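Participant: Next up, query_25.txt (compact mmCIF, C-alpha atoms).
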# COMPACT_ATOMS: atom_id res chain seq x y z
CA MET A 184 -97.15 -88.18 32.98
CA GLN A 185 -99.17 -88.61 29.80
CA ALA A 186 -101.27 -91.29 31.52
CA MET A 187 -102.09 -88.88 34.37
CA LEU A 188 -102.96 -86.04 32.01
CA PHE A 189 -105.21 -88.24 29.85
CA PRO A 190 -106.09 -91.52 31.66
CA ILE A 191 -109.06 -91.84 29.29
CA GLU A 192 -109.88 -90.21 25.97
CA LEU A 193 -111.01 -86.59 26.20
CA ASN A 194 -113.91 -85.55 23.97
CA VAL A 195 -116.05 -82.47 23.33
CA ARG A 196 -119.15 -83.85 25.10
CA MET A 197 -117.09 -84.51 28.24
CA VAL A 198 -115.65 -81.00 28.24
CA ILE A 199 -119.05 -79.32 27.76
CA ILE A 200 -120.65 -81.26 30.64
CA VAL A 201 -117.77 -80.48 33.00
CA VAL A 202 -117.48 -76.80 32.04
CA VAL A 203 -121.19 -76.16 32.56
CA GLY A 204 -121.57 -78.40 35.62
CA VAL A 205 -118.52 -77.10 37.49
CA PHE A 206 -119.43 -73.48 36.75
CA LEU A 207 -122.93 -73.98 38.20
CA ALA A 208 -121.46 -75.81 41.19
CA ALA A 209 -118.99 -73.00 41.91
CA PHE A 210 -121.70 -70.37 41.40
CA MET A 211 -123.86 -72.23 43.92
CA ASP A 212 -120.94 -72.36 46.36
CA GLY A 213 -120.64 -68.59 46.06
CA ILE A 214 -124.33 -68.14 46.89
CA ALA A 215 -125.07 -70.79 49.50
CA GLY A 216 -122.42 -73.54 49.53
CA GLY A 217 -122.92 -77.21 48.67
CA GLY A 218 -121.67 -77.06 45.10
CA GLY A 219 -120.32 -80.60 45.30
CA ILE A 220 -123.81 -81.98 44.74
CA ILE A 221 -123.54 -80.58 41.21
CA SER A 222 -119.81 -80.94 40.41
CA VAL A 223 -119.45 -84.60 41.44
CA PRO A 224 -122.48 -85.70 39.37
CA ALA A 225 -121.15 -83.61 36.47
CA TYR A 226 -117.94 -85.66 36.36
CA PHE A 227 -119.98 -88.87 36.57
CA LEU A 228 -122.28 -87.71 33.77
CA ALA A 229 -119.20 -86.88 31.68
CA GLY A 230 -118.38 -90.59 31.75
CA LEU A 231 -115.58 -90.79 34.35
CA PRO A 232 -115.32 -93.93 36.53
CA ALA A 233 -116.18 -93.34 40.20
CA HIS A 234 -112.67 -93.02 41.67
CA LEU A 235 -111.47 -90.87 38.77
CA ALA A 236 -114.54 -88.61 39.01
CA LEU A 237 -114.04 -88.00 42.74
CA GLY A 238 -110.30 -87.37 42.38
CA THR A 239 -110.68 -85.04 39.39
CA ASN A 240 -113.38 -83.07 41.20
CA LYS A 241 -110.87 -82.34 43.96
CA LEU A 242 -108.48 -80.73 41.47
CA SER A 243 -111.02 -78.21 40.18
CA SER A 244 -112.44 -77.71 43.70
CA CYS A 245 -109.04 -76.87 45.19
CA ILE A 246 -108.39 -74.10 42.70
CA GLY A 247 -111.90 -72.66 42.92
CA THR A 248 -111.99 -72.77 46.74
CA SER A 249 -108.63 -70.95 46.87
CA VAL A 250 -110.25 -67.95 45.18
CA SER A 251 -113.01 -67.74 47.80
CA LEU A 252 -110.58 -68.32 50.68
CA LEU A 253 -108.31 -65.48 49.58
CA ARG A 254 -111.29 -63.15 49.56
CA PHE A 255 -112.20 -64.09 53.15
CA ILE A 256 -108.57 -63.69 54.28
CA ARG A 257 -108.32 -60.28 52.61
CA ASN A 258 -111.44 -59.12 54.46
CA GLY A 259 -110.31 -60.49 57.83
CA PHE A 260 -112.99 -63.15 58.20
CA ILE A 261 -110.77 -65.96 59.54
CA ASP A 262 -110.39 -66.96 63.18
CA TRP A 263 -106.79 -68.15 62.98
CA LYS A 264 -106.71 -69.49 66.57
CA LEU A 265 -109.30 -72.04 65.46
CA GLY A 266 -108.26 -72.17 61.82
CA LEU A 267 -104.60 -73.15 62.09
CA PRO A 268 -105.05 -76.32 64.22
CA SER A 269 -108.12 -77.28 62.18
CA ILE A 270 -105.94 -77.44 59.05
CA GLY A 271 -103.92 -80.37 60.38
CA LEU A 272 -106.99 -82.32 61.51
CA ALA A 273 -108.75 -81.72 58.18
CA LEU A 274 -105.67 -82.91 56.29
CA PHE A 275 -105.40 -86.09 58.34
CA GLY A 276 -109.12 -86.85 58.26
CA SER A 277 -109.31 -86.30 54.52
CA TYR A 278 -106.30 -88.52 53.89
CA LEU A 279 -107.93 -91.36 55.83
CA GLY A 280 -111.25 -90.81 54.06
CA THR A 281 -109.66 -90.87 50.61
CA ARG A 282 -107.70 -94.03 51.43
CA LEU A 283 -110.97 -95.70 52.43
CA GLN A 284 -112.67 -94.53 49.24
CA LEU A 285 -109.88 -95.90 47.05
CA ALA A 286 -110.16 -99.27 48.82
CA LEU A 287 -113.83 -99.62 47.89
CA ASP A 288 -115.03 -101.21 44.67
CA GLU A 289 -116.43 -98.62 42.24
CA ARG A 290 -119.77 -100.43 42.10
CA TYR A 291 -120.26 -99.84 45.83
CA LEU A 292 -119.38 -96.17 45.36
CA LYS A 293 -122.16 -95.87 42.78
CA TRP A 294 -124.68 -97.40 45.18
CA LEU A 295 -123.46 -94.94 47.80
CA LEU A 296 -123.92 -92.10 45.33
CA LEU A 297 -127.55 -93.02 44.75
CA ALA A 298 -128.19 -93.31 48.50
CA VAL A 299 -126.31 -90.29 49.83
CA LEU A 300 -126.82 -87.53 47.23
CA PRO A 301 -130.57 -87.09 47.81
CA VAL A 302 -129.95 -86.80 51.56
CA VAL A 303 -127.18 -84.24 51.05
CA ALA A 304 -129.36 -82.31 48.58
CA PHE A 305 -132.16 -82.13 51.16
CA VAL A 306 -129.83 -80.74 53.82
CA VAL A 307 -128.23 -78.20 51.46
CA LEU A 308 -131.48 -76.98 49.91
CA ARG A 309 -133.46 -76.81 53.14
CA HIS A 310 -134.27 -73.24 54.10
CA ARG A 311 -132.27 -72.12 57.10
CA THR A 312 -131.13 -68.95 58.86
CA LEU A 313 -127.74 -68.71 60.51
CA PRO A 314 -126.61 -66.25 63.21
CA GLU A 315 -124.93 -63.01 62.18
CA GLU A 316 -123.42 -62.51 65.64
CA LYS A 317 -121.16 -64.66 67.82
CA GLY A 318 -122.84 -66.99 70.27
CA ASP A 319 -122.13 -67.32 73.99
CA ILE A 320 -119.90 -70.41 74.28
CA ALA A 321 -116.87 -71.34 76.39
CA PRO A 322 -113.61 -71.10 74.36
CA GLY A 323 -112.59 -74.67 75.27
CA ARG A 324 -115.93 -76.10 74.15
CA GLN A 325 -115.83 -74.10 70.94
CA PHE A 326 -112.31 -75.32 70.20
CA ALA A 327 -113.27 -78.96 70.78
CA ILE A 328 -116.34 -78.72 68.51
CA VAL A 329 -114.42 -77.05 65.67
CA MET A 330 -111.56 -79.57 65.87
CA ALA A 331 -113.89 -82.58 65.94
CA ALA A 332 -115.89 -81.25 62.98
CA SER A 333 -112.73 -80.49 61.01
CA PHE A 334 -111.50 -84.06 61.43
CA LEU A 335 -114.80 -85.91 60.93
CA ILE A 336 -116.25 -83.79 58.12
CA GLY A 337 -112.77 -83.53 56.60
CA GLY A 338 -112.82 -87.34 56.52
CA TYR A 339 -116.19 -87.30 54.79
CA ASP A 340 -114.86 -84.73 52.32
CA GLY A 341 -111.94 -87.00 51.45
CA PHE A 342 -114.16 -90.06 51.17
CA TYR A 343 -116.94 -88.47 49.14
CA GLY A 344 -117.37 -84.70 49.51
CA PRO A 345 -120.72 -83.21 48.41
CA GLY A 346 -122.23 -81.06 51.15
CA ALA A 347 -119.10 -81.00 53.33
CA GLY A 348 -118.93 -77.20 53.33
CA THR A 349 -122.58 -76.88 54.30
CA PHE A 350 -122.19 -79.42 57.12
CA LEU A 351 -119.18 -77.50 58.45
CA LEU A 352 -121.03 -74.18 58.27
CA LEU A 353 -123.98 -75.56 60.21
CA VAL A 354 -121.71 -77.00 62.93
CA PHE A 355 -119.55 -73.88 63.21
CA CYS A 356 -122.58 -71.58 63.49
CA ARG A 357 -125.10 -73.71 65.36
CA LEU A 358 -122.84 -75.65 67.73
CA ALA A 359 -119.59 -73.67 67.93
CA GLY A 360 -121.19 -70.22 68.27
CA MET A 361 -119.33 -68.58 65.38
CA ASP A 362 -120.82 -65.68 63.46
CA LEU A 363 -121.74 -66.40 59.84
CA ARG A 364 -118.93 -64.48 58.12
CA THR A 365 -116.13 -65.88 60.28
CA ALA A 366 -117.63 -69.36 60.12
CA SER A 367 -117.76 -69.12 56.31
CA GLY A 368 -114.10 -68.10 56.18
CA ASN A 369 -113.03 -70.95 58.45
CA VAL A 370 -115.14 -73.39 56.43
CA LYS A 371 -113.21 -72.41 53.29
CA LEU A 372 -109.93 -72.95 55.16
CA VAL A 373 -110.95 -76.45 56.30
CA ASN A 374 -112.44 -77.24 52.88
CA LEU A 375 -109.26 -76.30 51.05
CA SER A 376 -107.16 -78.36 53.48
CA SER A 377 -109.31 -81.49 53.09
CA ASN A 378 -109.45 -81.01 49.32
CA LEU A 379 -105.66 -80.76 49.08
CA ALA A 380 -105.09 -83.91 51.15
CA SER A 381 -107.63 -85.83 49.09
CA LEU A 382 -106.20 -84.50 45.82
CA PHE A 383 -102.65 -85.50 46.79
CA THR A 384 -103.77 -89.00 47.79
CA SER A 385 -105.73 -89.42 44.56
CA LEU A 386 -102.80 -88.13 42.48
CA VAL A 387 -100.41 -90.61 44.08
CA ASN A 388 -102.83 -93.40 43.18
CA GLY A 389 -103.32 -92.16 39.60
CA LYS A 390 -107.00 -91.28 40.09
CA VAL A 391 -107.03 -87.73 38.72
CA PHE A 392 -107.84 -86.74 35.11
CA ILE A 393 -105.47 -83.76 35.21
CA ALA A 394 -106.35 -82.23 31.83
CA LEU A 395 -110.11 -82.34 32.47
CA GLY A 396 -109.66 -81.17 36.07
CA LEU A 397 -107.73 -78.09 34.92
CA ILE A 398 -110.48 -77.31 32.39
CA GLY A 399 -113.00 -77.63 35.21
CA ALA A 400 -110.82 -75.39 37.40
CA VAL A 401 -111.25 -72.48 34.97
CA SER A 402 -115.03 -72.82 35.28
CA SER A 403 -114.69 -73.19 39.05
CA VAL A 404 -112.73 -69.95 39.42
CA LEU A 405 -115.21 -68.07 37.23
CA GLY A 406 -118.21 -69.48 39.07
CA HIS A 407 -116.75 -68.72 42.52
CA TYR A 408 -115.84 -65.19 41.44
CA ILE A 409 -119.29 -64.38 40.06
CA GLY A 410 -121.24 -66.21 42.75
CA SER A 411 -119.37 -64.67 45.70
CA GLY A 412 -119.30 -61.23 44.10
CA LEU A 413 -123.01 -60.88 43.35
CA ALA A 414 -125.57 -60.00 46.00
CA ILE A 415 -128.39 -62.06 44.53
CA LYS A 416 -131.66 -62.12 46.41
CA ASP A 417 -133.20 -65.60 46.42
CA GLY A 418 -130.29 -66.95 44.37
CA SER A 419 -131.38 -70.43 45.40
CA LYS A 420 -134.33 -70.06 43.00
CA ILE A 421 -131.77 -70.45 40.20
CA VAL A 422 -129.74 -73.15 41.88
CA ARG A 423 -132.51 -75.48 43.09
CA PRO A 424 -133.96 -76.43 39.68
CA VAL A 425 -130.46 -77.08 38.33
CA ILE A 426 -129.67 -79.43 41.21
CA LEU A 427 -132.89 -81.35 40.76
CA VAL A 428 -132.29 -81.81 37.02
CA VAL A 429 -128.67 -82.90 37.53
CA LEU A 430 -129.61 -85.37 40.26
CA ALA A 431 -132.40 -86.83 38.12
CA LEU A 432 -130.03 -87.30 35.15
CA LEU A 433 -127.40 -88.83 37.41
CA ALA A 434 -129.90 -91.25 38.97
CA ILE A 435 -130.95 -92.41 35.49
CA LYS A 436 -127.35 -92.82 34.32
CA VAL A 437 -126.02 -94.61 37.41
CA GLY A 438 -129.18 -96.69 37.82
CA SER A 439 -128.98 -97.92 34.23
CA GLU A 440 -125.35 -98.96 34.75
CA LEU A 441 -126.14 -100.80 37.98
CA PHE A 442 -129.25 -102.62 36.88
CA VAL A 443 -128.40 -103.41 33.25
Using the file provided, produce a representation of the structure as structure tokens.
Facilitator:
Amino acid sequence: MQAMLFPIELNVRMVIIVVVGVFLAAFMDGIAGGGGIISVPAYFLAGLPAHLALGTNKLSSCIGTSVSLLRFIRNGFIDWKLGLPSIGLALFGSYLGTRLQLALDERYLKWLLLAVLPVVAFVVLRHRTLPEEKGDIAPGRQFAIVMAASFLIGGYDGFYGPGAGTFLLLVFCRLAGMDLRTASGNVKLVNLSSNLASLFTSLVNGKVFIALGLIGAVSSVLGHYIGSGLAIKDGSKIVRPVILVVLALLAIKVGSELFV
């Protein structure tokens, strides 16, 4: 148990980076989604190896996402006919994705990080408008799209994660004809399911820094609460510069480790 709580030495620098990074990530999630492009790099910048960083991020993400999900449930913004079956597919997809991630050498994961994060950042930060009203789509087609997205993007979430919520929101709104509020609630439901499956798989394989993840979870809850509770016009003006700085620092750190 001690090895799972503290697989590596915990220090003040590590805690500061995670507390600040995870708070900003959760705050971003509350405004526009896509917080993983900050929280995952934060754990890397704190000095965690690739598998440990990804697993620990799931611990803080699970707790923070639960706060947002409860708010959507309380306000009735969940389509349970689509949500309940999507839970199982997200769990299974995420389990498979996490197993694949754990089978990869950490050096390959770092190369993947450098390649994928800029693409995810572009998609998340790109200006977009999503429908406020339900679209005209056959129930069977809508069901098939939501289930396929829950499995495939749930698999990506288990394997890596950043941007998964944004990808789900785009599919649910653009392709499955869901209104923005209901789509957002169902995204949180799928996200929490895939996070839990990935967290469990990482825990079983000893790839979670429990103590640091719980510290990050406090920041995650606070960030989600403030971000989802504030009606901030052009909140992305705050988030965008932070993402760019974090990604630049991460690229320097990971690049130096790969090429030195």
Participant: Between CA of Gly337 in chain A and CA of Leu379 in chain A, what is the distance in Å, rounded to a tenth?
Facilitator: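 Separation of CA of Gly337 in chain A and CA of Leu379 in chain A: 10.7 Å.
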Participant: If you measure from CA of Asp319 in chain A to CA of Leu352 in chain A, what distance in Å do you get, rounded to one decimal?
Facilitator: 17.2 Å
Participant: Please indicate the distance in Å from CA of Ala380 in chain A to CA of Asn194 in chain A, rounded to one decimal place.
Facilitator: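 Going from CA of Ala380 in chain A over to CA of Asn194 in chain A, I get 28.6 Å.
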Participant: Rank A:Leu395, A:Ala327, A:Ala431, A:Leu386 by their smallest atom-to-atom distance to Ile200 in chain A, using all atoms listed in the file, and report the top residue only.
Facilitator: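 Selected residue with least distance to Ile200 in chain A: A:Leu395.
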Participant: Near Ser385 in chain A, counting only C-alpha atoms, which residues have an atom at most 7 Å away, once you skip same-chain residues fewer than 5 positions from it, shown as a list in words?
Facilitator: Gly238, Lys390 and Val391 of chain A
